[in-house]
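Peer 1: For reference, the structure I am asking about is given below.
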Amino acid sequence: MTKPKLVFDPFSKEFFDNPFEIYRRMREEAPVYYNEEEDFYALTRHEDVAAAFRDHETYSSARGCDLAMVRTGEVPQRSIIFMDPPDHRHMRSLLNKAFTPRAIQSQRETVIELVDRYLGAADPDHFDVVQDFSGPFPVEVITRMAGVPQESRQQVRHWIDTSLHREPGQTEMGEAGMKATIDSAMFYYNLIQERRADPQDDMISRLIAAEIPREDGRLGKLDDIEITGFVVLLGGAGAETVTKLVGNAAVIFASYPDQWQKLLDDRSKIPAAVEELLRYEGPVQYNVRYTLKEARLRHGTIPPGKPVFLIGAAANRDPEAFTDADTFDIDRDRSQAQNLGLGYGIHSCLGAALARMESAIALEKLLDFMPRYEVDSGGLQRVHMQNVAGYSNVPVRVLR
Amino acid sequence: MKKVEVDFGLCESNGVCMGIIPEVFHLDDNDELHILQPEVTPHNEHEIREAVRQCPRQAISIVED
């Protein structure tokens, strides 16, 4: 019997339904995968993906981070994830102070309050982990930090969902996605004008006040487009991801009830559980880069000028890097290899400390809310999105 | 002799290194990283190498003095 041809199509139904089987074949059969039809490459082995994340001189972000963007060849809007050094360094150093583990501690009370509010309102007999809980709460935290008024915070989430959604086979943003992108850009543009006139204690106001070195070496302010670009990114990165991680957590722990029991018995294992969730089925599947020069790998080379998928989610299941990589084990030895769930290298997740804190608090409170539960697997719905994976619906029944 | 070096242009005070080996890396109350003990010894080398690898910024290195 011959095996079906190995095809990695990141917008196919097969991929959305179960990427891990495709990843396994790619790691084994095509470590330097090339898609002839679409003319892109993909790396899936841990050693290759980790090395590529570190090597920003070969694997550039300056053309964008998804296939459609990289292929247009146009210079994307000025956003930190679409930058190489030195621009990236200037932008990042402007922002990272707000996201250190220590700085993030100031958000702890807010997170606890929001988590309690949503779980307090939830019905244990009809509870959808994503719709009722992990969808609405993270966006409130990040947009509040940014400076979005209360009444618009959930709207931000709907714009993000719409702009990331892809129908199977659809590589580029659709009409609804375009409209959502334009609407959110207009919203932020107007908000920035309000903050210029009347600064507040929020991130938008601080970005308005900040200066970064420009090409001529002089310091300059950020313009409206740069600030909008960053705030749009912040909303997406800060909301979608924790939403997916917590939704995935409910599904994974239902398959591994012994691991849930371990957490019930010992809450000090929650941080380790968050790390294992990030490894086993983190929200971000891949980031696309563009080769500036020939990339030499152990099993092949990639010519310059090609889009390359760096599939961190595949690398995190590489049996060469992790013992029993396909087993979910919150007690695993985390020193075996770098967990790529939050990226690695200069573009590694800026909000990592916030993501970890939100996820840990969410798990802690879910342990109280649903110490025993089962997932209504018939009601599970996966999202179909560019670069993030997870569920839009995770209905559970809390057992008493 | 081998020593620990931190690129403070890259460091973002994530504190992963301090979590691995607090005798060597310390984050102060202002989120600034201090190297308490720069010498790499047979006793601490394993953990320092772990910190080098796990630093999300790759800001830490071991240099020959």
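Ligands are numbered from 1 in the order shown, residues from 1 within each chain, and chains are lettered A, B, ... in the order they appear in the structure tokens.
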Tell me which protein, DNA and RNA residues are within 7 Å of A:Asn393, counting only C-alpha atoms, leaving out same-chain ones fewer than 6 positions away, and put them as a VMD selection string.
Peer 2: chain A and resid 128 130 to 131 379 to 381
Peer 1: List every residue of chain A that has an atom at most 6 Å from any atom of chain B, giving for each one its closest atom pair and the distance in Å to one decimal, counting only C-alpha atoms, sorted by chain and then by ascending residue number, as JSON lines.
Peer 2:
{"residue": "A:Thr100", "atom": "CA", "partner": "B:Asn14", "partner_atom": "CA", "distance": 5.9}
{"residue": "A:Tyr344", "atom": "CA", "partner": "B:Pro56", "partner_atom": "CA", "distance": 5.7}
{"residue": "A:Gly345", "atom": "CA", "partner": "B:Arg57", "partner_atom": "CA", "distance": 5.3}
Peer 1: Give me the residues near stretch 203-214 of chain A as a ChimeraX atom specification, where near means some atom within 8 Å (using only C-alpha atoms) and where sequence neighbours in that chain fewer than 3 positions away do not count.
Peer 2: /A:90-91,94,145-147,192,195-196,199-200,217-223,227,231
Peer 1: Have a look at A:Met69, A:Glu364, A:His46, A:Gln77 and name the one nearest to A:Ser268; count only C-alpha atoms.
Peer 2: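 Smallest separation from A:Ser268 among the options: A:Glu364.
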Peer 1: In Å, rounded to a single decimal, give me how far atom CA of A:Lys97 is from atom CA of A:Glu240.
Peer 2: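 The value is 22.2 Å.
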Peer 1: Which is closest to A:Gln154 among A:Thr323, A:Thr171, A:Ser184, A:Ser335, if we use only C-alpha atoms?
Peer 2: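 Going through A:Thr323, A:Thr171, A:Ser184, A:Ser335 one by one, the smallest distance to A:Gln154 is for A:Ser184.
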Peer 1: Please provide as a VMD selection string all residues within 12 Å of B:Gln37, with the sequence filter that same-chain residues fewer than 6 positions apart are discarded (counting only C-alpha atoms).
Peer 2: chain B and resid 2 to 5 21 to 26 44 to 45 48
Peer 1: May I have the residues from that selection written out with N, CA and C atoms, as an mmCIF file, in the first residue's frame?
Peer 2:
data_model
loop_
_atom_site.group_PDB
_atom_site.id
_atom_site.type_symbol
_atom_site.label_atom_id
_atom_site.label_comp_id
_atom_site.auth_asym_id
_atom_site.auth_seq_id
_atom_site.Cartn_x
_atom_site.Cartn_y
_atom_site.Cartn_z
ATOM 1 N N LYS B 2 35.829 30.303 32.393
ATOM 2 C CA LYS B 2 34.596 30.645 31.697
ATOM 3 C C LYS B 2 33.730 31.565 32.555
ATOM 4 N N LYS B 3 33.097 32.543 31.861
ATOM 5 C CA LYS B 3 32.255 33.504 32.587
ATOM 6 C C LYS B 3 30.897 33.674 31.899
ATOM 7 N N VAL B 4 29.940 34.071 32.703
ATOM 8 C CA VAL B 4 28.602 34.367 32.179
ATOM 9 C C VAL B 4 28.573 35.793 31.651
ATOM 10 N N GLU B 5 27.970 35.980 30.489
ATOM 11 C CA GLU B 5 27.810 37.337 29.986
ATOM 12 C C GLU B 5 26.350 37.551 29.584
ATOM 13 N N ILE B 21 18.630 29.378 38.294
ATOM 14 C CA ILE B 21 19.757 29.424 39.217
ATOM 15 C C ILE B 21 19.888 30.810 39.875
ATOM 16 N N PRO B 22 19.129 31.010 40.934
ATOM 17 C CA PRO B 22 19.091 32.326 41.585
ATOM 18 C C PRO B 22 20.419 32.741 42.227
ATOM 19 N N GLU B 23 21.306 31.777 42.426
ATOM 20 C CA GLU B 23 22.620 32.140 43.001
ATOM 21 C C GLU B 23 23.439 32.957 42.007
ATOM 22 N N VAL B 24 23.112 32.821 40.730
ATOM 23 C CA VAL B 24 23.899 33.508 39.697
ATOM 24 C C VAL B 24 23.148 34.729 39.145
ATOM 25 N N PHE B 25 21.845 34.565 38.905
ATOM 26 C CA PHE B 25 21.073 35.649 38.288
ATOM 27 C C PHE B 25 20.059 36.212 39.285
ATOM 28 N N HIS B 26 20.033 37.527 39.379
ATOM 29 C CA HIS B 26 19.074 38.139 40.296
ATOM 30 C C HIS B 26 18.402 39.346 39.637
ATOM 31 N N ASN B 44 28.192 24.793 38.940
ATOM 32 C CA ASN B 44 26.990 25.501 38.444
ATOM 33 C C ASN B 44 26.835 25.453 36.919
ATOM 34 N N GLU B 45 27.779 24.838 36.234
ATOM 35 C CA GLU B 45 27.784 24.920 34.771
ATOM 36 C C GLU B 45 26.502 24.360 34.132
ATOM 37 N N ILE B 48 23.687 26.853 34.518
ATOM 38 C CA ILE B 48 23.920 28.067 33.721
ATOM 39 C C ILE B 48 23.657 27.779 32.241
#
Peer 1: Based on DSSP run over this structure's backbone, return all residues of stretch 158-358 of chain A in helix (DSSP H, G or I), as JSON, numbers by chain.
Peer 2: {"A": [158, 159, 160, 161, 162, 163, 164, 175, 176, 177, 178, 179, 180, 181, 182, 183, 184, 185, 186, 187, 188, 189, 190, 191, 192, 193, 194, 195, 196, 197, 203, 204, 205, 206, 207, 208, 209, 224, 225, 226, 227, 228, 229, 230, 231, 232, 233, 234, 235, 236, 237, 238, 239, 240, 241, 242, 243, 244, 245, 246, 247, 248, 249, 250, 251, 252, 253, 254, 255, 257, 258, 259, 260, 261, 262, 263, 264, 265, 267, 268, 269, 270, 271, 272, 273, 274, 275, 276, 277, 278, 279, 280, 281, 312, 313, 314, 315, 352, 353, 354, 355, 356, 357, 358]}
Peer 1: If we count only C-alpha atoms and set the cut-off at 9 Å, which residues sit around A:Asp161, ignoring sequence neighbours fewer than 2 positions away in its own chain? Please answer as a ChimeraX atom specification.
Peer 2: /A:156-159,163-165,177,180,236,240,385
Peer 1: Please write the residues from the selection above to a file, keeping C-alpha atoms, as a PDB file, in the first residue's frame.
Peer 2:
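Printed below is result11.pdb as written:
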ATOM      1  CA  VAL A 156     -12.524  44.269  19.544  1.00  0.00           C
ATOM      2  CA  ARG A 157     -12.740  40.507  19.969  1.00  0.00           C
ATOM      3  CA  HIS A 158     -15.358  40.136  17.254  1.00  0.00           C
ATOM      4  CA  TRP A 159     -13.262  42.185  14.845  1.00  0.00           C
ATOM      5  CA  SER A 163     -10.291  39.097  10.423  1.00  0.00           C
ATOM      6  CA  LEU A 164      -8.493  35.826  11.255  1.00  0.00           C
ATOM      7  CA  HIS A 165     -11.257  33.532  10.009  1.00  0.00           C
ATOM      8  CA  GLY A 177     -12.325  40.217   7.290  1.00  0.00           C
ATOM      9  CA  ALA A 180     -13.497  44.163  10.264  1.00  0.00           C
ATOM     10  CA  GLY A 236      -5.146  40.005  18.569  1.00  0.00           C
ATOM     11  CA  GLU A 240      -7.068  35.063  20.755  1.00  0.00           C
ATOM     12  CA  MET A 385      -7.992  30.560  11.291  1.00  0.00           C
TER      13      MET A 385
END
Peer 1: Nearest to A:Gln338: which of A:Gly312, A:Pro76, A:Pro19, A:Gly390 is it, counting only C-alpha atoms?
Peer 2: A:Gly312
Peer 1: Output as a list in words all residues of stretch 14-52 of chain B that backbone DSSP marks as strand (DSSP E).
Peer 2: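 Going through stretch 14-52 of chain B, the strand (DSSP E) residues come out as Phe25, His26, Leu27, Leu33, His34 and Ile35 of chain B.
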Peer 1: What does the file look like for those residues with N, CA and C atoms, as a PDB file, in the first residue's frame?
Peer 2:
ATOM      1  N   PHE B  25      21.845  34.565  38.905  1.00  0.00           N
ATOM      2  CA  PHE B  25      21.073  35.649  38.288  1.00  0.00           C
ATOM      3  C   PHE B  25      20.059  36.212  39.285  1.00  0.00           C
ATOM      4  N   HIS B  26      20.033  37.527  39.379  1.00  0.00           N
ATOM      5  CA  HIS B  26      19.074  38.139  40.296  1.00  0.00           C
ATOM      6  C   HIS B  26      18.402  39.346  39.637  1.00  0.00           C
ATOM      7  N   LEU B  27      17.069  39.377  39.683  1.00  0.00           N
ATOM      8  CA  LEU B  27      16.327  40.546  39.203  1.00  0.00           C
ATOM      9  C   LEU B  27      15.993  41.411  40.412  1.00  0.00           C
ATOM     10  N   LEU B  33      18.528  43.139  35.851  1.00  0.00           N
ATOM     11  CA  LEU B  33      19.202  41.866  36.104  1.00  0.00           C
ATOM     12  C   LEU B  33      20.630  42.113  36.593  1.00  0.00           C
ATOM     13  N   HIS B  34      21.011  41.366  37.623  1.00  0.00           N
ATOM     14  CA  HIS B  34      22.388  41.434  38.127  1.00  0.00           C
ATOM     15  C   HIS B  34      22.988  40.035  38.108  1.00  0.00           C
ATOM     16  N   ILE B  35      24.260  39.988  37.720  1.00  0.00           N
ATOM     17  CA  ILE B  35      24.961  38.711  37.789  1.00  0.00           C
ATOM     18  C   ILE B  35      25.690  38.685  39.127  1.00  0.00           C
TER      19      ILE B  35
END
Peer 1: Pick from A:Ile270, A:Val129, A:Leu191, A:Leu6: nearest to A:Asn248, with only C-alpha atoms counted?
Peer 2: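 Nearest to A:Asn248: A:Val129.
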Peer 1: So, counting only C-alpha atoms, which residue among B:Ile20, B:Val52, B:Ile60, B:Leu36 is closest to B:Val6?
Peer 2: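 Smallest distance to B:Val6 is found for B:Ile60.
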Peer 1: Between atom CA of A:Glu47 and atom CA of A:Ala30, what is the spacing in Å?
Peer 2: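 Distance reported for this atom pair: 14.1 Å.
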Peer 1: Fewer than 6 positions away in the same chain doesn't count, so skip those; otherwise give me all residues within 7 Å of stretch 299-306 of chain A, counting only C-alpha atoms, as an MDAnalysis selection string.
Peer 2: chainID A and resid 31:32 40 290:293
Peer 1: Quick one: residues within 10 Å of A:Ser12, only C-alpha atoms counted, chain neighbours fewer than 6 positions away excluded, as a list in words?
Peer 2: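 The contact residues come out as Pro19, Arg166, Glu167, Pro168, Gly169, Gln170, Thr171 and His384 of chain A.
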